[in-house]
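S.K.: I am sharing run_25.txt, which consists of compact mmCIF, C-alpha atoms:
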# COMPACT_ATOMS: atom_id res chain seq x y z
CA MET O 1 0.00 0.00 0.00
CA PRO O 2 2.76 2.58 0.78
CA LEU O 3 4.16 1.98 -2.72
CA PHE O 4 1.14 3.75 -4.22
CA ALA O 5 0.18 6.21 -1.49
CA GLY O 6 2.23 9.21 -2.53
CA PRO O 7 2.05 12.12 -4.97
CA HIS O 8 5.71 11.80 -5.95
CA LEU O 9 8.01 8.78 -5.92
CA SER O 10 11.01 10.86 -4.81
CA LEU O 11 9.38 11.61 -1.46
CA LEU O 12 8.42 7.95 -1.00
CA ALA O 13 11.95 6.81 -1.84
CA ASP O 14 13.37 9.12 0.83
CA LEU O 15 10.87 7.90 3.44
CA LEU O 16 11.49 4.23 2.64
CA GLY O 17 15.27 4.67 2.50
CA MET O 18 15.77 3.31 -1.01
CA THR O 19 16.96 4.66 -4.33
CA LEU O 20 14.48 6.18 -6.75
CA ALA O 21 15.40 3.60 -9.42
CA LYS O 22 14.67 0.72 -7.05
CA LEU O 23 11.35 2.23 -5.99
CA ARG O 24 10.36 2.70 -9.63
CA GLN O 25 11.07 -0.96 -10.31
CA ILE O 26 8.97 -2.00 -7.32
CA HIS O 27 6.21 0.42 -8.30
CA ARG O 28 6.03 -1.07 -11.80
CA SER O 29 6.11 -4.60 -10.41
CA MET O 30 3.33 -3.86 -7.94
CA GLY O 31 1.25 -2.37 -10.76
CA MET O 32 1.60 -5.57 -12.74
CA ILE O 33 0.77 -7.67 -9.68
CA SER O 34 -2.31 -5.56 -8.97
CA LEU O 35 -3.58 -6.11 -12.50
CA LEU O 36 -2.91 -9.87 -12.34
CA LEU O 37 -4.69 -10.14 -8.99
CA ALA O 38 -7.65 -8.24 -10.42
CA LEU O 39 -7.78 -10.61 -13.39
CA VAL O 40 -7.63 -13.63 -11.06
CA HIS O 41 -10.47 -12.11 -9.06
CA VAL O 42 -12.53 -11.79 -12.25
CA LEU O 43 -11.82 -15.38 -13.30
CA ILE O 44 -12.78 -16.74 -9.87
CA THR O 45 -15.97 -14.69 -9.87
CA LEU O 46 -16.95 -15.88 -13.35
CA SER O 47 -16.30 -19.51 -12.46
CA SER O 48 -18.25 -19.33 -9.19
CA GLN O 49 -21.32 -17.56 -10.58
CA PRO O 50 -23.80 -19.24 -12.93
CA SER O 51 -24.20 -16.03 -14.91
CA PHE O 52 -22.48 -12.68 -15.19
CA THR O 53 -24.56 -9.73 -16.32
CA LEU O 54 -23.54 -6.14 -16.92
CA ALA O 55 -27.02 -5.06 -15.90
CA LEU O 56 -25.77 -4.94 -12.30
CA PRO O 57 -23.93 -1.67 -11.51
CA GLU O 58 -21.20 -3.39 -9.47
CA ASN O 59 -20.36 -5.64 -12.43
CA ARG O 60 -20.17 -2.72 -14.83
CA PHE O 61 -17.81 -0.86 -12.50
CA ALA O 62 -15.71 -4.01 -12.08
CA VAL O 63 -15.24 -4.38 -15.83
CA THR O 64 -14.47 -0.68 -16.18
CA ALA O 65 -11.91 -0.84 -13.36
CA ILE O 66 -10.17 -3.79 -15.06
CA ALA O 67 -10.08 -1.87 -18.34
CA VAL O 68 -8.60 1.22 -16.66
CA LEU O 69 -5.97 -0.83 -14.79
CA SER O 70 -5.03 -2.55 -18.05
CA SER O 71 -4.63 0.87 -19.68
CA VAL O 72 -2.35 2.03 -16.84
CA VAL O 73 -0.05 -0.94 -17.40
CA PHE O 74 -0.25 -0.89 -21.20
CA PHE O 75 0.66 2.79 -21.56
CA SER O 76 3.55 2.39 -19.10
CA PHE O 77 5.66 0.54 -21.66
CA PRO O 78 8.63 2.58 -23.00
CA LEU O 79 7.04 2.75 -26.46
CA PHE O 80 4.38 5.10 -25.08
CA ARG O 81 6.18 6.50 -22.02
CA ARG O 82 9.38 7.91 -23.47
CA PRO O 83 8.24 9.94 -26.52
CA TRP O 84 5.57 11.92 -24.62
CA PHE O 85 6.59 11.63 -20.98
CA GLU O 86 4.74 14.66 -19.63
CA LEU O 87 1.51 13.58 -21.35
CA TYR O 88 2.09 10.01 -20.21
CA LEU O 89 2.63 11.05 -16.60
CA ARG O 90 -0.61 13.05 -16.37
CA THR O 91 -2.52 10.29 -18.17
CA HIS O 92 -1.03 7.70 -15.81
CA GLN O 93 -2.12 9.70 -12.78
CA ALA O 94 -5.60 10.35 -14.17
CA LEU O 95 -6.14 6.67 -14.95
CA ALA O 96 -4.91 5.72 -11.48
CA PHE O 97 -7.50 8.02 -9.88
CA LEU O 98 -10.20 6.66 -12.19
CA SER O 99 -9.34 3.07 -11.24
CA VAL O 100 -9.71 3.97 -7.55
CA TYR O 101 -13.11 5.52 -8.23
CA PHE O 102 -14.42 2.50 -10.16
CA ILE O 103 -13.07 0.08 -7.55
CA TRP O 104 -14.81 2.15 -4.87
CA ARG O 105 -18.10 1.90 -6.79
CA HIS O 106 -17.60 -1.85 -7.28
CA ILE O 107 -16.89 -2.71 -3.63
CA PRO O 108 -19.86 -2.92 -1.22
CA SER O 109 -20.03 0.00 1.21
CA ASP O 110 -19.30 -2.22 4.23
CA LYS O 111 -16.04 -3.52 2.71
CA ARG O 112 -14.35 -0.27 1.70
CA VAL O 113 -12.19 0.17 4.80
CA TYR O 114 -8.89 -0.79 3.07
CA LEU O 115 -9.64 1.54 0.19
CA TYR O 116 -10.29 4.36 2.63
CA ILE O 117 -6.98 3.62 4.36
CA SER O 118 -5.15 3.89 1.03
CA ILE O 119 -6.88 7.16 0.17
CA GLY O 120 -6.10 8.48 3.65
CA MET O 121 -2.42 7.62 3.28
CA PHE O 122 -2.29 9.34 -0.10
CA LEU O 123 -3.89 12.52 1.28
CA PHE O 124 -1.55 12.39 4.27
CA MET O 125 1.49 12.18 1.96
CA ILE O 126 0.27 15.15 -0.09
CA THR O 127 -0.33 17.20 3.04
CA MET O 128 3.07 16.29 4.46
CA GLN O 129 4.84 17.24 1.23
CA VAL O 130 3.06 20.61 1.02
CA ILE O 131 3.83 21.37 4.66
CA THR O 132 7.47 20.36 4.16
CA ILE O 133 7.84 22.69 1.18
CA LEU O 134 6.15 25.65 2.86
CA PHE O 135 7.92 25.37 6.22
CA ARG O 136 11.34 24.37 4.90
CA ASP O 137 11.48 27.50 2.76
CA GLU O 138 9.65 29.55 5.40
CA PHE O 139 7.31 30.56 2.61
CA PHE O 140 5.15 32.86 4.76
CA ARG O 141 8.24 34.78 5.87
CA TYR O 142 10.49 34.87 2.80
CA GLY O 143 8.19 34.10 -0.14
CA LEU O 144 8.92 31.95 -3.19
CA ALA O 145 12.24 31.27 -4.87
CA ARG O 146 12.85 32.46 -8.44
CA VAL O 147 14.59 30.86 -11.40
CA HIS O 148 17.03 32.59 -13.73
CA ILE O 149 17.08 30.74 -17.07
CA THR O 150 19.83 30.96 -19.70
CA GLU O 151 21.01 28.87 -22.65
CA GLU O 152 24.45 27.88 -23.95
CA TYR O 153 25.01 25.75 -27.07
CA GLY O 154 21.46 24.38 -26.84
CA VAL O 155 21.83 23.47 -23.14
CA VAL O 156 19.53 25.08 -20.58
CA ARG O 157 21.21 26.54 -17.50
CA VAL O 158 18.92 27.30 -14.57
CA ARG O 159 19.81 29.01 -11.30
CA LEU O 160 17.34 28.87 -8.43
CA LEU O 161 17.65 32.04 -6.36
CA LEU O 162 16.65 30.82 -2.92
CA GLN O 163 14.99 32.95 -0.29
CA LYS O 164 16.51 30.75 2.41
CA ASP O 165 19.80 28.84 2.32
CA LEU O 166 19.50 25.10 1.68
CA GLU O 167 22.01 22.33 2.32
CA MET O 168 22.44 19.87 -0.56
CA GLU O 169 24.60 16.77 -0.81
CA ALA O 170 26.32 15.85 -4.06
CA GLY O 171 24.13 13.96 -6.52
CA GLN O 172 20.82 14.92 -4.92
CA THR O 173 17.83 16.11 -6.94
CA ILE O 174 14.95 18.55 -6.60
CA ASN O 175 11.47 18.58 -8.17
CA LEU O 176 10.51 21.83 -9.89
CA TRP O 177 7.00 23.20 -10.31
CA LEU O 178 6.52 26.51 -12.14
CA PRO O 179 2.77 27.21 -11.92
CA PHE O 180 3.09 30.80 -13.23
CA PHE O 181 5.45 30.08 -16.11
CA ILE O 182 4.17 29.01 -19.55
CA PHE O 183 0.90 27.16 -20.17
CA PRO O 184 0.54 24.30 -19.32
CA SER O 185 3.55 24.35 -16.94
CA PHE O 186 1.21 24.42 -13.94
CA LEU O 187 0.44 20.76 -14.75
CA GLN O 188 4.09 19.74 -14.93
CA THR O 189 6.62 18.88 -12.24
CA HIS O 190 10.05 17.65 -13.17
CA PRO O 191 13.05 16.21 -11.26
CA PHE O 192 16.46 17.75 -11.89
CA VAL O 193 19.87 16.98 -10.43
CA VAL O 194 21.66 19.91 -8.78
CA ILE O 195 25.16 20.52 -10.15
CA SER O 196 26.25 23.09 -7.57
CA TRP O 197 27.91 22.04 -4.32
CA ALA O 198 29.11 23.87 -1.24
CA GLU O 199 30.49 22.79 2.11
CA GLY O 200 27.58 24.47 3.86
CA PRO O 201 24.07 25.67 2.95
CA GLN O 202 23.72 27.28 -0.48
CA ASN O 203 21.83 30.45 -1.39
CA HIS O 204 21.36 29.29 -4.98
CA LEU O 205 21.11 25.97 -6.84
CA ASP O 206 22.41 25.44 -10.38
CA LEU O 207 20.90 23.04 -12.90
CA PHE O 208 22.30 21.75 -16.22
CA ILE O 209 19.32 20.64 -18.30
CA GLN O 210 18.86 18.72 -21.54
CA PRO O 211 15.95 20.27 -23.47
CA ARG O 212 13.62 17.56 -24.70
CA ARG O 213 9.84 17.91 -24.50
CA GLY O 214 7.34 19.43 -22.15
CA LEU O 215 8.77 21.63 -19.41
CA THR O 216 12.40 21.44 -20.56
CA ARG O 217 11.45 22.60 -24.06
CA ASP O 218 9.49 25.48 -22.51
CA LEU O 219 12.57 26.43 -20.48
CA LEU O 220 14.70 26.52 -23.64
CA TYR O 221 12.12 28.69 -25.40
CA HIS O 222 12.02 31.09 -22.46
CA ALA O 223 15.84 31.31 -22.35
CA ARG O 224 16.02 32.18 -26.06
CA THR O 225 13.19 34.72 -26.04
CA ARG O 226 13.82 36.28 -22.64
CA GLN O 227 14.27 40.06 -22.59
CA PRO O 228 16.58 41.86 -20.11
CA GLN O 229 13.64 43.55 -18.43
CA ASP O 230 11.72 40.29 -17.90
CA THR O 231 11.18 39.16 -14.31
CA ASP O 232 12.51 35.76 -13.29
CA PRO O 233 9.62 33.28 -12.83
CA LEU O 234 8.50 32.13 -9.39
CA VAL O 235 9.02 28.48 -8.56
CA PHE O 236 7.96 25.85 -6.05
CA PHE O 237 10.35 22.99 -5.45
CA SER O 238 10.71 19.97 -3.20
CA GLY O 239 13.90 18.36 -2.07
CA PRO O 240 16.64 17.56 -1.64
CA HIS O 241 15.84 13.99 -2.69
CA GLY O 242 18.02 10.93 -3.08
CA LYS O 243 21.19 9.56 -1.56
CA SER O 244 24.75 10.73 -2.01
CA ALA O 245 27.65 8.36 -2.69
CA PRO O 246 30.01 7.83 0.30
CA ILE O 247 33.02 9.18 -1.57
CA ASN O 248 35.10 9.87 1.55
CA LYS O 249 35.71 6.13 2.07
CA TYR O 250 37.52 5.43 -1.21
CA GLU O 251 41.03 6.04 -2.50
CA ASN O 252 40.33 5.70 -6.22
CA ILE O 253 37.22 7.20 -7.84
CA LEU O 254 36.23 6.33 -11.41
CA MET O 255 33.34 8.39 -12.79
CA VAL O 256 31.62 7.37 -16.02
CA ALA O 257 29.08 9.63 -17.74
CA SER O 258 27.38 9.87 -21.09
CA ASP O 259 26.16 13.20 -22.45
CA PHE O 260 23.97 14.92 -19.83
CA GLY O 261 24.91 12.34 -17.21
CA ILE O 262 27.79 14.72 -16.47
CA ALA O 263 25.31 16.81 -14.47
CA ALA O 264 25.08 14.14 -11.76
CA LEU O 265 28.89 13.90 -11.45
CA LEU O 266 29.87 17.58 -11.37
CA PRO O 267 28.96 18.08 -7.67
CA TYR O 268 31.00 14.99 -6.75
CA LEU O 269 34.03 16.48 -8.51
CA LYS O 270 33.67 19.67 -6.49
CA GLU O 271 33.19 17.82 -3.21
CA LEU O 272 36.14 15.49 -3.85
CA LEU O 273 38.55 18.27 -4.74
CA HIS O 274 37.47 20.38 -1.79
CA GLY O 275 37.82 17.40 0.54
CA TYR O 276 41.20 16.48 -0.91
CA ASN O 277 42.57 19.98 -0.45
CA ALA O 278 41.22 20.05 3.12
CA ARG O 279 42.54 16.52 3.88
CA GLU O 280 38.99 15.31 4.54
CA VAL O 281 38.76 12.47 2.00
CA ARG O 282 41.00 9.53 1.14
CA ALA O 283 40.85 10.00 -2.61
CA ARG O 284 44.27 10.01 -4.26
CA ARG O 285 43.06 9.65 -7.85
CA VAL O 286 39.87 10.74 -9.61
CA HIS O 287 39.25 9.86 -13.26
CA LEU O 288 36.23 11.24 -15.13
CA VAL O 289 35.35 9.41 -18.35
CA TRP O 290 32.75 11.26 -20.42
CA GLN O 291 31.24 9.71 -23.58
CA VAL O 292 29.44 12.26 -25.77
CA GLN O 293 27.65 12.20 -29.10
CA SER O 294 28.45 15.81 -29.97
CA LEU O 295 31.02 18.36 -28.86
CA ASP O 296 28.30 21.00 -28.33
CA ILE O 297 27.55 19.71 -24.85
CA THR O 298 31.25 19.76 -23.98
CA LYS O 299 31.40 23.43 -24.93
CA ALA O 300 28.46 24.15 -22.65
CA ALA O 301 30.15 22.29 -19.78
CA GLU O 302 33.71 23.52 -20.41
CA GLN O 303 33.51 26.34 -17.87
CA LEU O 304 32.13 23.96 -15.25
CA LEU O 305 34.92 21.42 -15.78
CA ASN O 306 37.59 24.11 -15.79
CA SER O 307 36.18 25.40 -12.53
CA ALA O 308 36.69 21.95 -11.02
CA LEU O 309 40.22 21.74 -12.40
CA ASN O 310 41.01 25.12 -10.88
CA GLU O 311 40.42 23.54 -7.47
CA ASP O 312 42.87 20.72 -8.27
CA THR O 313 45.92 22.64 -7.13
CA LEU O 314 47.33 20.59 -4.27
CA ASP O 315 50.33 18.38 -5.09
CA ASP O 316 50.75 20.17 -8.44
CA GLY O 317 47.20 19.28 -9.49
CA ARG O 318 47.70 15.57 -10.07
CA ILE O 319 44.57 14.04 -8.54
CA LEU O 320 42.00 14.71 -11.31
CA ASN O 321 42.11 13.31 -14.83
CA ILE O 322 39.38 14.01 -17.40
CA SER O 323 38.96 11.98 -20.60
CA ILE O 324 36.27 12.88 -23.14
CA TYR O 325 35.32 10.46 -25.91
CA CYS O 326 33.30 11.51 -28.95
CA GLU O 327 32.23 9.17 -31.75
CA GLY O 328 31.72 12.00 -34.22
CA LYS O 329 33.57 12.04 -37.53
CA ASP O 330 36.72 14.02 -38.31
CA ILE O 331 37.48 14.81 -34.67
CA PRO O 332 41.21 14.76 -33.89
CA THR O 333 42.64 14.00 -30.46
CA THR O 334 42.82 17.49 -29.01
CA PRO O 335 43.25 19.15 -25.62
CA PHE O 336 40.02 20.33 -24.02
CA GLY O 337 40.13 23.14 -21.52
CA LYS O 338 42.72 22.59 -18.80
CA ARG O 339 44.38 19.16 -18.66
CA ALA O 340 41.50 17.36 -20.38
CA LYS O 341 41.56 15.60 -23.75
CA VAL O 342 38.99 14.71 -26.40
CA TYR O 343 39.46 11.30 -28.06
CA PRO O 344 37.69 10.55 -31.39
CA ARG O 345 36.35 7.13 -30.45
CA LYS O 346 34.17 5.18 -28.09
CA ALA O 347 35.62 4.70 -24.63
CA SER O 348 37.00 1.22 -23.88
CA LEU O 349 35.48 0.91 -20.42
CA GLN O 350 37.08 -2.45 -19.66
CA THR O 351 40.56 -1.11 -20.44
CA ILE O 352 39.98 2.05 -18.42
CA PHE O 353 38.65 0.10 -15.46
CA ASP O 354 41.55 -2.36 -15.51
CA ARG O 355 44.05 0.48 -15.57
CA GLU O 356 42.39 2.27 -12.67
CA LEU O 357 42.12 -0.93 -10.66
CA HIS O 358 45.72 -2.04 -11.11
CA ILE O 359 47.45 1.33 -11.25
CA GLU O 360 50.63 1.47 -9.20
CA ASN O 361 50.67 3.68 -6.13
CA LYS O 362 53.70 5.57 -7.40
CA LEU O 363 51.61 7.03 -10.21
CA VAL O 364 49.31 8.89 -7.82
CA PRO O 365 50.10 11.42 -5.12
CA ILE O 366 50.33 10.28 -1.51
CA VAL O 367 48.35 12.29 1.01
CA ASP O 368 50.07 12.91 4.34
CA TRP O 369 47.30 12.71 6.87
CA GLU O 370 47.50 15.19 9.72
CA PRO O 371 47.65 13.28 13.03
CA GLU O 372 44.66 13.32 15.32
CA THR O 373 42.33 14.98 12.80
CA GLU O 374 38.62 14.58 13.25
CA LYS O 375 38.34 12.74 9.92
CA GLU O 376 41.01 10.22 10.93
CA LYS O 377 39.30 9.63 14.25
CA GLU O 378 36.03 8.95 12.44
CA LEU O 379 37.70 6.47 10.09
CA GLU O 380 39.39 4.67 12.97
CA LEU O 381 36.10 4.41 14.83
CA GLU O 382 34.58 2.84 11.72
CA GLY O 383 37.36 0.26 11.70
CA LEU O 384 38.76 1.50 8.38
CA ASP O 385 42.45 1.79 7.51
CA LYS O 386 43.89 4.94 6.02
CA ARG O 387 44.74 3.12 2.79
CA ASN O 388 43.06 -0.07 1.79
CA GLY O 389 43.06 0.14 -2.01
CA THR O 390 39.30 0.68 -2.23
CA MET O 391 37.73 1.91 -5.45
CA LEU O 392 34.37 3.51 -6.18
CA VAL O 393 32.77 3.57 -9.63
CA ILE O 394 30.03 6.18 -10.11
CA VAL O 395 27.98 5.84 -13.30
CA SER O 396 25.44 8.26 -14.76
CA ALA O 397 24.95 7.09 -18.31
CA ILE O 398 22.61 5.47 -20.82
CA ASP O 399 21.45 1.90 -20.31
CA ASP O 400 24.12 0.26 -22.49
CA ILE O 401 26.99 1.89 -20.63
CA ARG O 402 25.46 1.16 -17.22
CA ASP O 403 24.94 -2.47 -18.18
CA GLU O 404 28.55 -2.75 -19.32
CA MET O 405 29.90 -1.18 -16.13
CA GLN O 406 27.73 -3.47 -14.00
CA ARG O 407 29.14 -6.47 -15.86
CA ILE O 408 32.72 -5.22 -15.44
CA VAL O 409 32.44 -4.38 -11.74
CA ARG O 410 30.49 -7.52 -10.81
CA ASP O 411 33.62 -9.69 -10.62
CA TYR O 412 35.41 -7.27 -8.27
CA LEU O 413 32.74 -6.49 -5.68
CA THR O 414 34.58 -8.64 -3.12
CA ASP O 415 37.92 -6.94 -3.88
CA GLY O 416 37.15 -3.49 -2.49
CA VAL O 417 35.34 -2.17 -5.59
CA SER O 418 31.88 -0.59 -5.23
CA LEU O 419 29.40 0.63 -7.83
CA PHE O 420 27.06 3.58 -7.28
CA GLU O 421 24.40 4.86 -9.66
CA PRO O 422 22.89 8.29 -8.86
CA ASP O 423 19.15 8.81 -9.15
CA TYR O 424 19.59 10.84 -12.33
CA GLN O 425 20.39 8.70 -15.34
CA PRO O 426 20.26 10.17 -18.89
CA SER O 427 18.31 8.55 -21.70
CA LEU O 428 18.76 8.54 -25.44
With the file now loaded, output its structure as structure tokens.
M.R.:
Amino acid sequence: MPLFAGPHLSLLADLLGMTLAKLRQIHRSMGMISLLLALVHVLITLSSQPSFTLALPENRFAVTAIAVLSSVVFFSFPLFRRPWFELYLRTHQALAFLSVYFIWRHIPSDKRVYLYISIGMFLFMITMQVITILFRDEFFRYGLARVHITEEYGVVRVRLLLQKDLEMEAGQTINLWLPFFIFPSFLQTHPFVVISWAEGPQNHLDLFIQPRRGLTRDLLYHARTRQPQDTDPLVFFSGPHGKSAPINKYENILMVASDFGIAALLPYLKELLHGYNAREVRARRVHLVWQVQSLDITKAAEQLLNSALNEDTLDDGRILNISIYCEGKDIPTTPFGKRAKVYPRKASLQTIFDRELHIENKLVPIVDWEPETEKEKELELEGLDKRNGTMLVIVSAIDDIRDEMQRIVRDYLTDGVSLFEPDYQPSL
């Protein structure tokens, strides 16, 4: 029941302590199970009754409920979900509400207690989310946040100007709702990963957005047509949502991204370099591998990557390595920004992983831990050594790349290698 009783899966994932991807899988599975149980119920009813007539209202509502539930499952397949996601999402929600109504009409009035419990839980979750948003931002004291929208090389850049500082961990997401933006944006909410990171609370949040359909296309249109005198739109948002990777426990960090998956990894770069300079993390080597289809997105992200490299100053700036791979034609191997390179081919993930796993210690800088630091005390309390050869692989990429990395890492999970996939994963 809790798997359906919520207006947004991000909030439910946080409450249940699981990743958004895992909750989505369970949500889809439970939808299929609900439909199968309903069909079994119909078959048992038909076999136990001598006749089944649609003249009875409860039978008509039962058939209608089955049809609506079937539609919910049928239109959830990627063929219908991906091309028109915003339309799909609203249709999915509308059909879910309709199925509840028809089930309510089908069930006798003295047997509706479980349905009322489910509806009560759903209303409770909505109320809790609204209260959280209003009181977290101290809406009645400070008012709403605003969004400043710009565009670079076809990429939408959004900055949320917060009325109250908010603490975000690397890799976490927020859900945006712009009810006063462009019609029909008041019907659309959208999750976005935050690319900005700070050691403490932030007074603004930066987003790096791929314009596709629905709200993101409206944001691109606004960025291109915006006049200097235009007022930044008001925005509601919920979050932060999701879990952050425990990067302070690992010596070697391999990050793999494809196209807009870089957005989920940028805050980790900033946190790692800050922690390295402050002697707060173990990382001695960080390698970012970025597979792109076009160099346009790299131009839009160049300033962001150079900003991270500017922080890589300790030990002559040897901790961070950035490799960009592009499968486009007539692209020579060229430097990109500061200490990054563009290679005209597809990344050989197995080769890169093997090199990172077996790299000799002399090739990476050695961090001299300050004695009796708070971080070292914490690590000792956790029973962890200063150097244990651990490796973390963070992947934010399309399905094919994630599947390949899962296959590669699977054989080394008992050898100090861990795999982490942020909530945001790009699609084709």
S.K.: Would you work out the distance separating CA of Asn248 in chain O from CA of Thr390 in chain O, expressed in Å to one decimal?
M.R.: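 Going from CA of Asn248 in chain O over to CA of Thr390 in chain O covers 10.8 Å.
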S.K.: When you draw a straight line from CA of Asp165 in chain O to CA of His204 in chain O, how long is it in Å?
M.R.: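 Answer for the CA of Asp165 in chain O to CA of His204 in chain O separation: 7.5 Å.
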S.K.: Given all atoms listed in the file as the basis, pick out the residue of O:Leu205, O:Leu234, O:Ile401, O:Leu349 nearest to Arg146 in chain O.
M.R.: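 Using all atoms listed in the file, the shortest distance to Arg146 in chain O belongs to O:Leu234.
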S.K.: Pick the closest to Glu404 in chain O from O:Phe260, O:Phe74, O:Tyr116, O:Phe353: which is it, counting only C-alpha atoms?
M.R.: O:Phe353
S.K.: Counting all atoms listed in the file, note down every residue that has an atom within 12 Å of the point (-12.0, -3.4, -18.2) (file coordinates), as a list in words.
M.R.: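 With a cut-off of 12 Å, the residues come to Leu35, Ala38, Leu39, Val42, Leu54, Asn59, Arg60, Phe61, Ala62, Val63, Thr64, Ala65, Ile66, Ala67, Val68, Leu69, Ser70, Ser71, Val72, Leu98, Ser99, Phe102 and Ile103 of chain O.
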S.K.: Complete the atoms of range 287-306 of chain O to N, CA and C atoms and put them out as a PDB file, in the frame of the given file.
M.R.:
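Output file part.pdb follows:
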ATOM      1  N   HIS O 287      39.248   9.900 -11.798  1.00  0.00           N
ATOM      2  CA  HIS O 287      39.250   9.860 -13.260  1.00  0.00           C
ATOM      3  C   HIS O 287      37.813   9.979 -13.760  1.00  0.00           C
ATOM      4  N   LEU O 288      37.549  11.035 -14.510  1.00  0.00           N
ATOM      5  CA  LEU O 288      36.230  11.240 -15.130  1.00  0.00           C
ATOM      6  C   LEU O 288      36.299  10.833 -16.584  1.00  0.00           C
ATOM      7  N   VAL O 289      35.464   9.868 -16.961  1.00  0.00           N
ATOM      8  CA  VAL O 289      35.350   9.410 -18.350  1.00  0.00           C
ATOM      9  C   VAL O 289      33.987   9.852 -18.859  1.00  0.00           C
ATOM     10  N   TRP O 290      33.989  10.651 -19.925  1.00  0.00           N
ATOM     11  CA  TRP O 290      32.750  11.260 -20.420  1.00  0.00           C
ATOM     12  C   TRP O 290      32.575  10.891 -21.891  1.00  0.00           C
ATOM     13  N   GLN O 291      31.555  10.101 -22.196  1.00  0.00           N
ATOM     14  CA  GLN O 291      31.240   9.710 -23.580  1.00  0.00           C
ATOM     15  C   GLN O 291      30.141  10.633 -24.097  1.00  0.00           C
ATOM     16  N   VAL O 292      30.408  11.315 -25.213  1.00  0.00           N
ATOM     17  CA  VAL O 292      29.440  12.260 -25.770  1.00  0.00           C
ATOM     18  C   VAL O 292      29.171  11.946 -27.234  1.00  0.00           C
ATOM     19  N   GLN O 293      28.008  12.359 -27.701  1.00  0.00           N
ATOM     20  CA  GLN O 293      27.650  12.200 -29.100  1.00  0.00           C
ATOM     21  C   GLN O 293      28.043  13.411 -29.926  1.00  0.00           C
ATOM     22  N   SER O 294      28.116  14.562 -29.284  1.00  0.00           N
ATOM     23  CA  SER O 294      28.450  15.810 -29.970  1.00  0.00           C
ATOM     24  C   SER O 294      29.300  16.667 -29.059  1.00  0.00           C
ATOM     25  N   LEU O 295      30.167  17.482 -29.653  1.00  0.00           N
ATOM     26  CA  LEU O 295      31.020  18.360 -28.860  1.00  0.00           C
ATOM     27  C   LEU O 295      30.282  19.592 -28.357  1.00  0.00           C
ATOM     28  N   ASP O 296      29.048  19.820 -28.796  1.00  0.00           N
ATOM     29  CA  ASP O 296      28.300  21.000 -28.330  1.00  0.00           C
ATOM     30  C   ASP O 296      28.111  20.972 -26.824  1.00  0.00           C
ATOM     31  N   ILE O 297      27.769  19.802 -26.296  1.00  0.00           N
ATOM     32  CA  ILE O 297      27.550  19.710 -24.850  1.00  0.00           C
ATOM     33  C   ILE O 297      28.844  19.932 -24.083  1.00  0.00           C
ATOM     34  N   THR O 298      29.982  19.536 -24.662  1.00  0.00           N
ATOM     35  CA  THR O 298      31.250  19.760 -23.980  1.00  0.00           C
ATOM     36  C   THR O 298      31.573  21.251 -23.916  1.00  0.00           C
ATOM     37  N   LYS O 299      31.186  21.986 -24.952  1.00  0.00           N
ATOM     38  CA  LYS O 299      31.400  23.430 -24.930  1.00  0.00           C
ATOM     39  C   LYS O 299      30.557  24.089 -23.845  1.00  0.00           C
ATOM     40  N   ALA O 300      29.330  23.589 -23.675  1.00  0.00           N
ATOM     41  CA  ALA O 300      28.460  24.150 -22.650  1.00  0.00           C
ATOM     42  C   ALA O 300      28.967  23.838 -21.248  1.00  0.00           C
ATOM     43  N   ALA O 301      29.665  22.711 -21.099  1.00  0.00           N
ATOM     44  CA  ALA O 301      30.150  22.290 -19.780  1.00  0.00           C
ATOM     45  C   ALA O 301      31.611  22.657 -19.541  1.00  0.00           C
ATOM     46  N   GLU O 302      32.272  23.264 -20.534  1.00  0.00           N
ATOM     47  CA  GLU O 302      33.710  23.520 -20.410  1.00  0.00           C
ATOM     48  C   GLU O 302      34.034  24.398 -19.204  1.00  0.00           C
ATOM     49  N   GLN O 303      33.244  25.440 -18.997  1.00  0.00           N
ATOM     50  CA  GLN O 303      33.510  26.340 -17.870  1.00  0.00           C
ATOM     51  C   GLN O 303      33.338  25.612 -16.542  1.00  0.00           C
ATOM     52  N   LEU O 304      32.368  24.705 -16.478  1.00  0.00           N
ATOM     53  CA  LEU O 304      32.130  23.960 -15.250  1.00  0.00           C
ATOM     54  C   LEU O 304      33.289  23.017 -14.950  1.00  0.00           C
ATOM     55  N   LEU O 305      33.795  22.333 -15.983  1.00  0.00           N
ATOM     56  CA  LEU O 305      34.920  21.420 -15.780  1.00  0.00           C
ATOM     57  C   LEU O 305      36.206  22.185 -15.450  1.00  0.00           C
ATOM     58  N   ASN O 306      36.404  23.319 -16.106  1.00  0.00           N
ATOM     59  CA  ASN O 306      37.590  24.110 -15.790  1.00  0.00           C
ATOM     60  C   ASN O 306      37.541  24.648 -14.364  1.00  0.00           C
TER      61      ASN O 306
END
